[in-house]
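Here's protein-v2.cif, which has mmCIF, C-alpha atoms:
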```
data_upload
#
loop_
_atom_site.label_atom_id
_atom_site.label_comp_id
_atom_site.auth_asym_id
_atom_site.auth_seq_id
_atom_site.Cartn_x
_atom_site.Cartn_y
_atom_site.Cartn_z
CA THR A 26 141.98 62.65 3.04
CA ILE A 27 139.95 60.44 0.72
CA CYS A 28 142.24 58.08 -1.17
CA GLY A 29 142.57 58.97 -4.84
CA GLY A 30 140.16 61.88 -4.66
CA GLY A 31 141.57 64.77 -2.63
CA THR A 32 140.53 66.21 0.70
CA MET A 33 137.07 66.68 2.21
CA THR A 34 136.23 69.85 4.13
CA SER A 35 137.94 69.75 7.54
CA GLY A 36 135.70 69.47 10.59
CA THR A 37 132.49 68.64 8.72
CA PRO A 38 130.49 65.40 8.82
CA ILE A 39 130.51 63.16 5.75
CA PHE A 40 127.24 61.66 4.51
CA ASN A 41 126.94 58.69 2.17
CA THR A 42 124.56 56.36 0.40
CA ILE A 43 124.95 53.26 -1.77
CA SER A 44 123.30 52.17 -5.02
CA GLU A 45 124.32 49.64 -7.69
CA ASN A 46 127.40 48.72 -5.62
CA THR A 47 128.57 52.34 -5.77
CA MET A 48 129.01 54.56 -2.72
CA LEU A 49 128.62 58.31 -3.02
CA ILE A 50 129.86 60.71 -0.33
CA CYS A 51 129.39 64.43 0.34
CA ASP A 52 130.15 67.02 3.02
CA GLY A 53 128.32 70.16 1.89
CA GLY A 54 131.47 71.97 0.85
CA SER A 55 133.53 69.71 -1.44
CA ALA A 56 132.74 67.92 -4.67
CA THR A 57 130.51 64.85 -4.41
CA ARG A 58 132.63 61.72 -4.92
CA HIS A 59 132.02 58.04 -5.55
CA THR A 60 133.79 54.72 -5.16
CA THR A 61 133.19 51.09 -6.09
CA ASP A 62 135.95 49.60 -3.91
CA GLY A 63 136.05 51.83 -0.81
CA THR A 64 139.63 52.95 -1.34
CA SER A 65 139.71 54.94 -4.59
CA PHE A 66 137.31 57.91 -4.81
CA THR A 67 136.51 59.90 -7.97
CA ASN A 68 134.74 63.23 -8.38
CA THR A 69 131.19 62.57 -9.62
CA THR A 70 130.84 64.66 -12.76
CA ALA A 71 127.81 67.01 -12.83
CA ALA A 72 126.68 65.94 -9.36
CA PRO A 73 125.91 68.92 -7.10
CA ILE A 74 127.83 69.87 -3.98
CA ALA A 75 125.52 68.19 -1.50
CA ARG A 76 124.66 68.28 2.20
CA GLY A 77 122.98 64.87 2.16
CA LEU A 78 122.44 61.82 -0.05
CA GLN A 79 119.77 59.13 -0.16
CA GLU A 80 119.00 56.24 -2.51
CA TYR A 81 115.31 56.15 -3.52
CA GLN A 82 113.54 54.38 -6.39
CA ASN A 83 116.88 53.33 -7.88
CA ARG A 84 118.14 56.93 -8.04
CA ILE A 85 120.46 58.92 -5.82
CA TYR A 86 118.86 62.05 -4.38
CA ALA A 87 121.11 64.89 -3.25
CA ILE A 88 120.06 67.93 -1.25
CA GLY A 89 122.04 70.99 -2.28
CA THR A 90 123.38 73.81 -0.15
CA ALA A 91 120.23 75.93 -0.62
CA SER A 92 116.68 74.72 -1.36
CA THR A 93 117.13 72.47 -4.39
CA MET A 94 116.96 68.66 -4.34
CA PHE A 95 118.62 66.89 -7.28
CA TRP A 96 118.48 63.29 -8.49
CA SER A 97 120.61 61.05 -10.68
CA ASN A 98 119.80 58.87 -13.67
CA ALA A 99 117.85 55.75 -12.67
CA GLY A 100 120.16 52.76 -12.20
CA THR A 101 123.33 54.80 -12.81
CA PRO A 102 124.31 56.65 -9.62
CA THR A 103 127.28 58.36 -11.27
CA ASP A 104 125.22 59.80 -14.16
CA TRP A 105 123.85 63.24 -13.28
CA THR A 106 123.32 64.39 -16.87
CA ASN A 107 120.88 61.95 -18.52
CA ASP A 108 117.36 61.58 -17.08
CA SER A 109 118.47 63.72 -14.15
CA SER A 110 116.53 66.65 -12.79
CA SER A 111 115.78 68.67 -9.64
CA ILE A 112 113.00 70.27 -7.62
CA ASN A 113 112.95 73.32 -5.36
CA ILE A 114 111.71 72.68 -1.82
CA PRO A 115 109.62 75.66 -0.63
CA GLY A 116 109.63 77.32 2.77
CA ALA A 117 112.06 79.16 5.02
CA GLY A 118 115.63 77.95 5.48
CA ARG A 119 117.96 75.72 3.51
CA LEU A 120 117.82 71.97 3.09
CA HIS A 121 119.27 70.22 6.10
CA THR A 122 118.79 66.48 5.71
CA THR A 123 116.98 63.76 3.76
CA PHE A 124 116.03 60.17 4.57
CA LYS A 125 113.54 57.43 3.64
CA ALA A 126 110.52 56.45 5.72
CA ASN A 127 107.52 54.32 4.75
CA ASP A 128 108.62 54.21 1.08
CA ARG A 129 108.74 57.99 0.82
CA LEU A 130 111.66 60.40 0.60
CA VAL A 131 111.55 62.93 3.44
CA THR A 132 113.37 66.27 3.42
CA SER A 133 113.88 68.72 6.26
CA LYS A 134 115.18 72.28 6.30
CA ASN A 135 117.20 73.94 9.06
CA SER A 136 113.98 75.77 9.96
CA GLY A 137 112.45 72.36 10.78
CA ILE A 138 110.05 72.41 7.80
CA MET A 139 109.49 68.90 6.41
CA HIS A 140 108.23 67.62 3.03
CA ARG A 141 107.50 64.15 1.64
CA TRP A 142 108.29 63.11 -1.96
CA ASP A 143 107.04 60.00 -3.79
CA GLY A 144 108.83 60.56 -7.09
CA PHE A 145 105.93 62.56 -8.54
CA SER A 146 104.31 64.74 -5.86
CA LEU A 147 105.76 66.92 -3.12
CA ILE A 148 103.66 67.03 0.07
CA ASP A 149 104.06 69.70 2.75
CA MET A 150 103.95 67.82 6.08
CA ALA A 151 102.74 70.94 7.97
CA THR A 152 105.36 70.68 10.72
CA ASP A 153 108.53 72.49 11.74
CA LEU A 154 109.79 69.72 14.04
CA GLY A 155 112.45 68.26 11.75
CA PRO A 156 115.91 67.15 12.93
CA SER A 157 118.21 69.83 14.32
CA ALA A 158 121.25 67.60 13.70
CA PRO A 159 121.29 65.48 10.51
CA GLN A 160 123.79 63.08 12.06
CA SER A 161 121.47 62.40 15.01
CA ILE A 162 119.07 60.30 12.90
CA GLY A 163 118.72 56.62 13.79
CA LYS A 164 116.35 53.88 12.62
CA VAL A 165 114.75 50.78 14.12
CA GLU A 166 112.90 48.82 11.45
CA ASP A 167 111.23 51.70 9.53
CA TYR A 168 110.83 53.99 12.54
CA ARG A 169 113.18 56.97 12.77
CA PHE A 170 114.58 58.78 15.80
CA TYR A 171 116.24 62.19 15.83
CA LEU A 172 117.15 65.13 18.04
CA ASN A 173 115.30 68.43 17.89
CA ARG A 174 115.67 71.46 20.17
CA LEU A 175 112.39 70.46 21.80
CA GLY A 176 113.42 66.86 22.47
CA VAL A 177 113.91 63.49 20.79
CA PHE A 178 111.24 62.68 18.22
CA GLY A 179 110.05 59.46 16.65
CA PHE A 180 108.92 59.50 13.03
CA ASN A 181 107.22 57.05 10.65
CA SER A 182 106.63 59.46 7.70
CA ASP A 183 103.35 60.82 9.03
CA LYS A 184 104.00 63.31 11.86
CA PRO A 185 106.92 63.64 14.30
CA GLU A 186 105.97 62.49 17.80
CA LEU A 187 107.75 63.56 20.97
CA ILE A 188 109.09 60.52 22.86
CA SER A 189 111.50 62.15 25.34
CA ASN A 190 109.15 63.56 28.00
CA PRO A 191 110.79 61.45 30.77
CA VAL A 192 114.17 63.18 30.14
CA GLU A 193 112.88 66.62 29.15
CA LYS A 194 114.72 68.29 32.06
CA GLN A 195 118.03 67.06 30.63
CA ILE A 196 117.29 68.43 27.17
CA TYR A 197 116.18 71.90 28.28
CA ASN A 198 115.31 73.39 31.67
CA ASP A 199 114.78 76.71 33.41
CA ALA A 200 118.30 76.74 34.82
CA GLY A 201 119.82 76.58 31.34
CA GLU A 202 121.73 73.42 32.25
CA GLY A 203 120.36 71.11 29.56
CA ILE A 204 121.92 70.46 26.17
CA ILE A 205 124.13 73.37 25.03
CA GLY A 206 122.54 75.23 22.12
CA THR A 207 125.23 74.51 19.52
CA THR A 208 125.21 70.80 20.39
CA PHE A 209 121.72 70.50 18.91
CA ASP A 210 123.25 71.24 15.48
CA ASN A 211 125.90 68.51 15.50
CA ALA A 212 124.95 65.86 18.07
CA PRO A 213 125.58 62.37 16.63
CA GLY A 214 123.07 59.57 17.09
CA VAL A 215 122.65 55.95 16.07
CA SER A 216 120.27 53.03 16.42
CA HIS A 217 121.97 49.79 17.45
CA LEU A 218 119.88 46.67 17.83
CA TYR A 219 116.70 48.05 19.50
CA ASN A 220 118.36 50.99 21.25
CA TYR A 221 118.82 54.60 20.16
CA TYR A 222 121.85 56.58 21.38
CA ALA A 223 122.44 60.35 21.11
CA SER A 224 125.65 61.97 22.35
CA VAL A 225 124.66 65.36 23.83
CA GLY A 226 127.61 66.50 25.98
CA THR A 227 127.43 67.36 29.67
CA VAL A 228 123.93 68.01 31.03
CA THR A 229 122.41 68.72 34.45
CA ASP A 230 118.87 67.82 35.48
CA ASP A 231 117.45 70.91 37.20
CA LEU A 232 115.16 68.81 39.45
CA THR A 233 117.75 66.50 40.99
CA ASP A 234 120.74 68.81 40.25
CA GLU A 235 122.66 65.73 39.09
CA THR A 236 125.25 66.30 36.35
CA VAL A 237 126.05 63.69 33.71
CA SER A 238 129.37 64.24 31.91
CA ASN A 239 129.69 63.16 28.28
CA CYS A 240 126.02 62.20 28.42
CA ILE A 241 124.59 59.73 25.92
CA LEU A 242 120.81 59.65 25.98
CA LYS A 243 119.75 56.03 25.49
CA TYR A 244 116.22 54.99 24.47
CA ASN A 245 115.14 51.35 24.57
CA TYR A 246 112.56 51.03 21.79
CA GLN A 247 111.19 47.69 23.01
CA LEU A 248 110.67 48.77 26.62
CA ASP A 249 109.91 52.46 25.92
CA ARG A 250 112.51 53.32 28.57
CA TRP A 251 115.15 56.06 28.87
CA SER A 252 118.51 55.96 30.65
CA ASP A 253 121.72 58.01 30.70
CA TYR A 254 125.08 56.62 29.68
CA THR A 255 128.42 58.35 30.09
CA PHE A 256 131.56 57.23 28.27
CA ALA A 257 135.15 58.00 29.22
CA ASN A 258 135.55 59.43 25.70
CA ARG A 259 132.71 61.54 24.30
CA PRO A 260 131.43 60.14 20.98
CA THR A 261 131.40 62.55 18.05
CA ALA A 262 130.36 59.90 15.50
CA PHE A 263 128.62 56.51 15.65
CA LEU A 264 128.27 53.53 13.33
CA SER A 265 126.26 50.35 13.69
CA TYR A 266 127.20 47.72 11.10
CA LYS A 267 127.07 44.01 10.37
CA ASP A 268 130.46 42.31 10.50
CA ALA A 269 131.72 39.45 8.33
CA SER A 270 130.14 36.88 10.63
CA GLY A 271 126.72 38.56 10.40
CA SER A 272 126.80 40.00 13.94
CA GLN A 273 125.67 43.58 14.51
CA GLN A 274 128.47 45.72 15.92
CA MET A 275 128.75 49.36 17.04
CA ILE A 276 131.79 51.61 16.96
CA PHE A 277 132.19 55.28 17.77
CA GLY A 278 134.85 57.92 17.32
CA ASP A 279 135.95 60.87 19.46
CA SER A 280 137.16 64.39 18.62
CA THR A 281 140.75 63.17 18.08
CA GLY A 282 139.71 60.61 15.46
CA GLN A 283 140.28 57.62 17.75
CA CYS A 284 137.70 54.87 17.28
CA TYR A 285 136.31 52.54 19.95
CA THR A 286 134.27 49.34 19.96
CA TYR A 287 131.11 49.28 22.06
CA GLY A 288 129.76 46.18 23.79
CA GLY A 289 130.94 42.66 23.15
CA THR A 290 132.85 41.04 26.00
CA GLN A 291 134.47 44.25 27.27
CA THR A 292 134.14 44.92 31.00
CA SER A 293 135.78 48.37 31.14
CA ASP A 294 135.37 51.75 29.45
CA ASN A 295 138.73 52.25 27.74
CA THR A 296 140.32 50.85 30.96
CA ALA A 297 138.04 52.99 33.22
CA THR A 298 135.63 51.24 35.57
CA ILE A 299 132.03 51.11 34.38
CA GLU A 300 129.66 52.25 37.11
CA ALA A 301 125.89 51.90 37.08
CA VAL A 302 123.86 54.34 39.18
CA MET A 303 120.10 54.17 39.70
CA GLU A 304 118.39 56.87 41.75
CA PHE A 305 114.71 57.38 42.49
CA VAL A 306 112.36 58.89 45.08
CA ILE A 307 109.66 57.14 47.09
CA HIS A 308 106.83 59.52 48.02
CA ALA A 309 104.03 56.95 48.38
CA GLY A 310 101.67 58.98 46.22
CA SER A 311 101.57 61.85 48.74
CA PRO A 312 104.80 63.87 48.74
CA GLU A 313 103.20 66.46 51.03
CA THR A 314 102.62 63.95 53.86
CA GLU A 315 105.08 63.49 56.71
CA LYS A 316 105.80 59.78 57.09
CA GLU A 317 107.28 57.53 59.75
CA TRP A 318 108.94 54.80 57.72
CA SER A 319 108.36 51.32 59.14
CA TYR A 320 110.40 49.29 56.67
CA CYS A 321 111.62 49.09 53.07
CA TRP A 322 112.66 46.01 51.14
CA PHE A 323 114.61 46.08 47.86
CA PHE A 324 114.82 43.00 45.64
CA PHE A 325 117.68 42.00 43.30
CA ASN A 326 119.17 39.00 41.55
CA PRO A 327 121.09 36.96 44.17
CA GLY A 328 124.87 37.19 43.88
CA CYS A 329 124.98 40.69 42.45
CA GLN A 330 127.27 43.37 43.86
CA ALA A 331 124.85 46.30 43.96
CA HIS A 332 125.01 48.66 46.94
CA VAL A 333 121.93 50.44 48.33
CA GLN A 334 121.77 53.84 50.02
CA ILE A 335 118.85 55.94 51.25
CA ALA A 336 118.47 59.63 52.11
CA PRO A 337 115.33 60.90 53.88
CA THR A 338 114.44 64.48 52.90
CA ASN A 339 111.52 66.87 52.81
CA THR A 340 112.65 68.55 49.56
CA TYR A 341 114.41 67.65 46.32
CA THR A 342 117.44 69.82 47.12
CA LYS A 343 120.61 67.88 46.34
CA GLY A 344 122.54 69.37 49.27
CA LYS A 345 119.94 68.12 51.74
CA LYS A 346 120.54 64.47 50.89
CA ILE A 347 122.61 62.71 53.54
CA TRP A 348 123.10 59.18 52.26
CA LYS A 349 122.91 56.22 54.64
CA SER A 350 124.28 52.87 53.51
CA LEU A 351 122.03 49.81 53.77
CA GLY A 352 124.71 47.41 52.53
CA ASP A 353 125.07 45.20 49.48
CA ALA A 354 122.48 43.10 47.66
CA LYS A 355 124.41 39.82 47.30
CA ASP A 356 121.61 37.88 49.05
CA GLY A 357 118.96 39.28 46.71
CA VAL A 358 117.13 41.28 49.42
CA VAL A 359 118.14 44.48 51.19
CA GLU A 360 116.03 45.34 54.24
CA PHE A 361 115.68 48.62 56.08
CA ARG A 362 113.71 49.11 59.30
CA GLY A 363 112.81 52.72 59.92
CA GLN A 364 113.30 52.87 63.71
CA GLY A 365 111.37 56.14 63.94
CA LEU A 366 112.84 57.68 60.78
CA ARG A 367 110.58 60.50 59.51
CA SER A 368 110.48 62.41 56.23
CA ARG A 369 108.18 63.28 53.36
CA LEU A 370 110.46 61.74 50.73
CA LEU A 371 112.80 58.77 50.75
CA ASN A 372 115.58 59.01 48.17
CA VAL A 373 117.12 55.73 47.06
CA LYS A 374 120.44 55.26 45.28
CA ILE A 375 121.67 51.93 43.90
CA THR A 376 125.26 51.70 42.64
CA GLU A 377 127.32 48.90 41.15
CA ALA A 378 130.75 48.75 39.51
CA SER A 379 131.54 45.05 39.33
CA ARG A 380 132.94 43.38 36.21
CA ASN A 381 131.23 40.02 36.62
CA ALA A 382 128.10 40.43 38.80
CA ARG A 383 125.70 42.95 37.25
CA PHE A 384 122.52 43.73 39.15
CA HIS A 385 118.91 43.38 38.08
CA PHE A 386 116.58 45.42 40.23
CA TYR A 387 113.19 43.74 40.55
CA GLY A 388 111.39 46.32 42.69
CA TRP A 389 110.70 47.41 46.23
CA SER A 390 108.13 47.22 49.00
CA TYR A 391 107.61 49.63 51.89
CA ALA A 392 105.32 50.56 54.77
CA PHE A 393 104.88 53.80 56.69
CA LYS A 394 102.64 55.57 59.17
CA PRO A 395 101.30 58.98 58.10
CA ILE A 396 102.00 61.71 60.65
CA ASP A 397 99.13 64.08 61.31
CA ARG A 398 99.89 67.74 60.90
CA GLU A 399 99.78 69.71 64.10
#
```
Show me this structure written as structure tokens.
Amino acid sequence: TICGGGTMTSGTPIFNTISENTMLICDGGSATRHTTDGTSFTNTTAAPIARGLQEYQNRIYAIGTASTMFWSNAGTPTDWTNDSSSINIPGAGRLHTTFKANDRLVTSKNSGIMHRWDGFSLIDMATDLGPSAPQSIGKVEDYRFYLNRLGVFGFNSDKPELISNPVEKQIYNDAGEGIIGTTFDNAPGVSHLYNYYASVGTVTDDLTDETVSNCILKYNYQLDRWSDYTFANRPTAFLSYKDASGSQQMIFGDSTGQCYTYGGTQTSDNTATIEAVMEFVIHAGSPETEKEWSYCWFFFNPGCQAHVQIAPTNTYTKGKKIWKSLGDAKDGVVEFRGQGLRSRLLNVKITEASRNARFHFYGWSYAFKPIDRE
């Protein structure tokens, strides 16, 4: 319930934008409302029922429930009568989302069709790779991220570019164990500091057959690196904001409406232990070659509490991996001498669940003798 303004549509996301110290909100089913104090909301007279809002060139732009984009009077976000107009966005589907990029207003339909608007001209961007979930959009500087059924895309107002190839098997795969179809329509995402997070539910990689519950795909923009997070409570909404001290903070909510703080000095996940797992395969550039492993060394920050395991296999089948412990990494180096161990592949798993001694993995070194085929 919005204070002083009635009830929004149950179970639908709320979108907002701010101009001239006035916040407008919409949900695609109820009247557009505004507030100047954050507690008392008033129906915005003549404003359309909107599925998305964006401030641009001192106006508020609202995408309607079909194919029409409306805008308010310049400098007066609550005035939708004077100097207000609209434009129909061509192409299949209905308007799905709108956002700014590179000083242009971008619209996308649920068919994926995208257009760019500069206040005078509407440009067809000749793509159907727009966001599948409006609430999945995040931004670092002026670069956007969002989820599409074909992956996570980056966007700078020119053309969407696929950035999620390293985790493609978790998004969709031949076994049908990637992101569930309906999740693409409502997956929340956010950019916090230089990281992008998208909550995509439980997924299974069909190569490793590893399942990640409550998976959050995390992309590090600075390092161009992907990782999987899993939270004890699945996020259904995110927010990154600047607190009163000027520090950037992130909170998220779950399906019950409970909100949680992410990061800071916390060392548990809503009282649950936080575990880090890193798994990779050493094939020495020739996965088809039988190898007699001479030694392997793994290097860490001294004092950490990481634990190292290996599993020699000839295939990627999960059930064939029999893990052998090599011990902990508190001394900074974990050594393994092969002693006649043979395999084509050497699977490595590094785990850590400490609260005060996180690990930094610096790399590995190995040696082997190739075994001639008989």
Point-to-point distance in Å for CA of Asp253 in chain A and CA of Thr296 in chain A: 19.9 Å
Polymer residues at most 7 Å from range 207-223 of chain A, all atoms listed in the file, same-chain spacing of 5 or more positions, as a list in words: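 Near neighbours after the sequence-gap exclusion: Ser157, Ala158, Gln160, Ser161, Ile162, Gly163, Lys164, Val165, Asn173, Arg174, Ile241, Leu242, Lys243, Tyr244, Asn245, Tyr246, Gln247, Thr261, Ala262, Phe263, Leu264, Ser265 and Met275 of chain A.
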Generate the output file for the selected residues, C-alpha atoms, as a compact mmCIF listing (two decimals), in the frame of the given file.
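Written file, result11.txt:
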```
# COMPACT_ATOMS: atom_id res chain seq x y z
CA SER A 157 118.21 69.83 14.32
CA ALA A 158 121.25 67.60 13.70
CA GLN A 160 123.79 63.08 12.06
CA SER A 161 121.47 62.40 15.01
CA ILE A 162 119.07 60.30 12.90
CA GLY A 163 118.72 56.62 13.79
CA LYS A 164 116.35 53.88 12.62
CA VAL A 165 114.75 50.78 14.12
CA ASN A 173 115.30 68.43 17.89
CA ARG A 174 115.67 71.46 20.17
CA ILE A 241 124.59 59.73 25.92
CA LEU A 242 120.81 59.65 25.98
CA LYS A 243 119.75 56.03 25.49
CA TYR A 244 116.22 54.99 24.47
CA ASN A 245 115.14 51.35 24.57
CA TYR A 246 112.56 51.03 21.79
CA GLN A 247 111.19 47.69 23.01
CA THR A 261 131.40 62.55 18.05
CA ALA A 262 130.36 59.90 15.50
CA PHE A 263 128.62 56.51 15.65
CA LEU A 264 128.27 53.53 13.33
CA SER A 265 126.26 50.35 13.69
CA MET A 275 128.75 49.36 17.04
```
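Closest approach to Val131 in chain A from the set A:Phe361, A:Tyr86, A:Tyr285, A:Trp105 is made by A:Tyr86, with distances taken over all atoms listed in the file.
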Result set of the PyMOL selection byres ((chain A and resi 333-344) around 10) on the coordinates above, as a ChimeraX atom specification: /A:231-235,303-308,312-315,318,323,330-332,345-354,359-361,366-377
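For the residues A:Pro156, A:Lys316, A:Val358, A:Ser146, ranking by smallest atom-to-atom distance to Arg398 in chain A using all atoms listed in the file places A:Lys316 first.
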From A:Asp268, A:Asp183, A:Asp62, A:Asp279, residue lying nearest Asp149 in chain A [only C-alpha atoms]: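 Closest to Asp149 in chain A of all the choices is A:Asp183.
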Ground truth for the PyMOL selection byres ((chain A and resi 119-127) around 8), written as a ChimeraX atom specification: /A:76-79,81,88-93,114,117-118,128-136,156,159,167-169,181-182
Atomic separation - CA of Ala257 in chain A relative to CA of Phe40 in chain A, Å: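 Between these atoms lies a distance of 26.2 Å.
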For Gln283 in chain A: contacts at 10 Å, all atoms listed in the file, fewer than 6 positions along chain excluded, given as a PyMOL selection string: chain A and resi 258+260+277
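Going from CA of Trp96 in chain A over to CA of Ser111 in chain A, you cover 6.1 Å.
Minimum atom-to-atom distance to Gln274 in chain A, evaluated using only C-alpha atoms, belongs to A:Gly288 out of A:Gly288, A:Gly137, A:Gly357, A:Gly363.
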Selection under test: the PyMOL selection byres ((chain A and resi 178) around 10); residues as a PyMOL selection string: chain A and resi 154-156+162+169-173+175-177+179-180+184-189
Around all listed atoms of range 80-88 of chain A, padded 8 Å per side, what centre and edge lengths does the axis-aligned box have in Å to one decimal, as AutoDock Vina command-line options?
```
--center_x 117.3 --center_y 60.6 --center_z -4.6 --size_x 23.6 --size_y 30.6 --size_z 22.8
```
Selection near range 381-384 of chain A, 9 Å with only C-alpha atoms, sequence-local residues under 6 positions removed, as a list in words: Thr292, Ala301, Phe325, Asn326, Pro327, Gly328, Cys329, Gln330, Ala331 and Ala354 of chain A
Keeping C-alpha atoms for every residue in the selection just given, could you write it to a file as a PDB file, in the coordinates of the input?
```pdb
ATOM      1  CA  THR A 292     134.140  44.920  31.000  1.00  0.00           C
ATOM      2  CA  ALA A 301     125.890  51.900  37.080  1.00  0.00           C
ATOM      3  CA  PHE A 325     117.680  42.000  43.300  1.00  0.00           C
ATOM      4  CA  ASN A 326     119.170  39.000  41.550  1.00  0.00           C
ATOM      5  CA  PRO A 327     121.090  36.960  44.170  1.00  0.00           C
ATOM      6  CA  GLY A 328     124.870  37.190  43.880  1.00  0.00           C
ATOM      7  CA  CYS A 329     124.980  40.690  42.450  1.00  0.00           C
ATOM      8  CA  GLN A 330     127.270  43.370  43.860  1.00  0.00           C
ATOM      9  CA  ALA A 331     124.850  46.300  43.960  1.00  0.00           C
ATOM     10  CA  ALA A 354     122.480  43.100  47.660  1.00  0.00           C
TER      11      ALA A 354
END
```
From A:Pro73, A:Gly144, A:Gly282, A:Gly201, residue lying nearest Ala99 in chain A [all atoms listed in the file]: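 Looking only at the distances to Ala99 in chain A, the closest residue turns out to be A:Gly144.
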Residue neighbourhood Val237 in chain A, 8 Å, only C-alpha atoms, exclusion window fewer than 4 positions, as a PyMOL selection string: chain A and resi 227-229+253+255
Who sits within 8 Å of Ala75 in chain A, only C-alpha atoms, same chain under 6 positions skipped, as a PyMOL selection string: chain A and resi 51-54+56-57+87-90
Residue with smallest distance to Ser109 in chain A - pool A:Met139, A:Phe386, A:Ala71, A:Ser379, counting all atoms listed in the file: A:Ala71
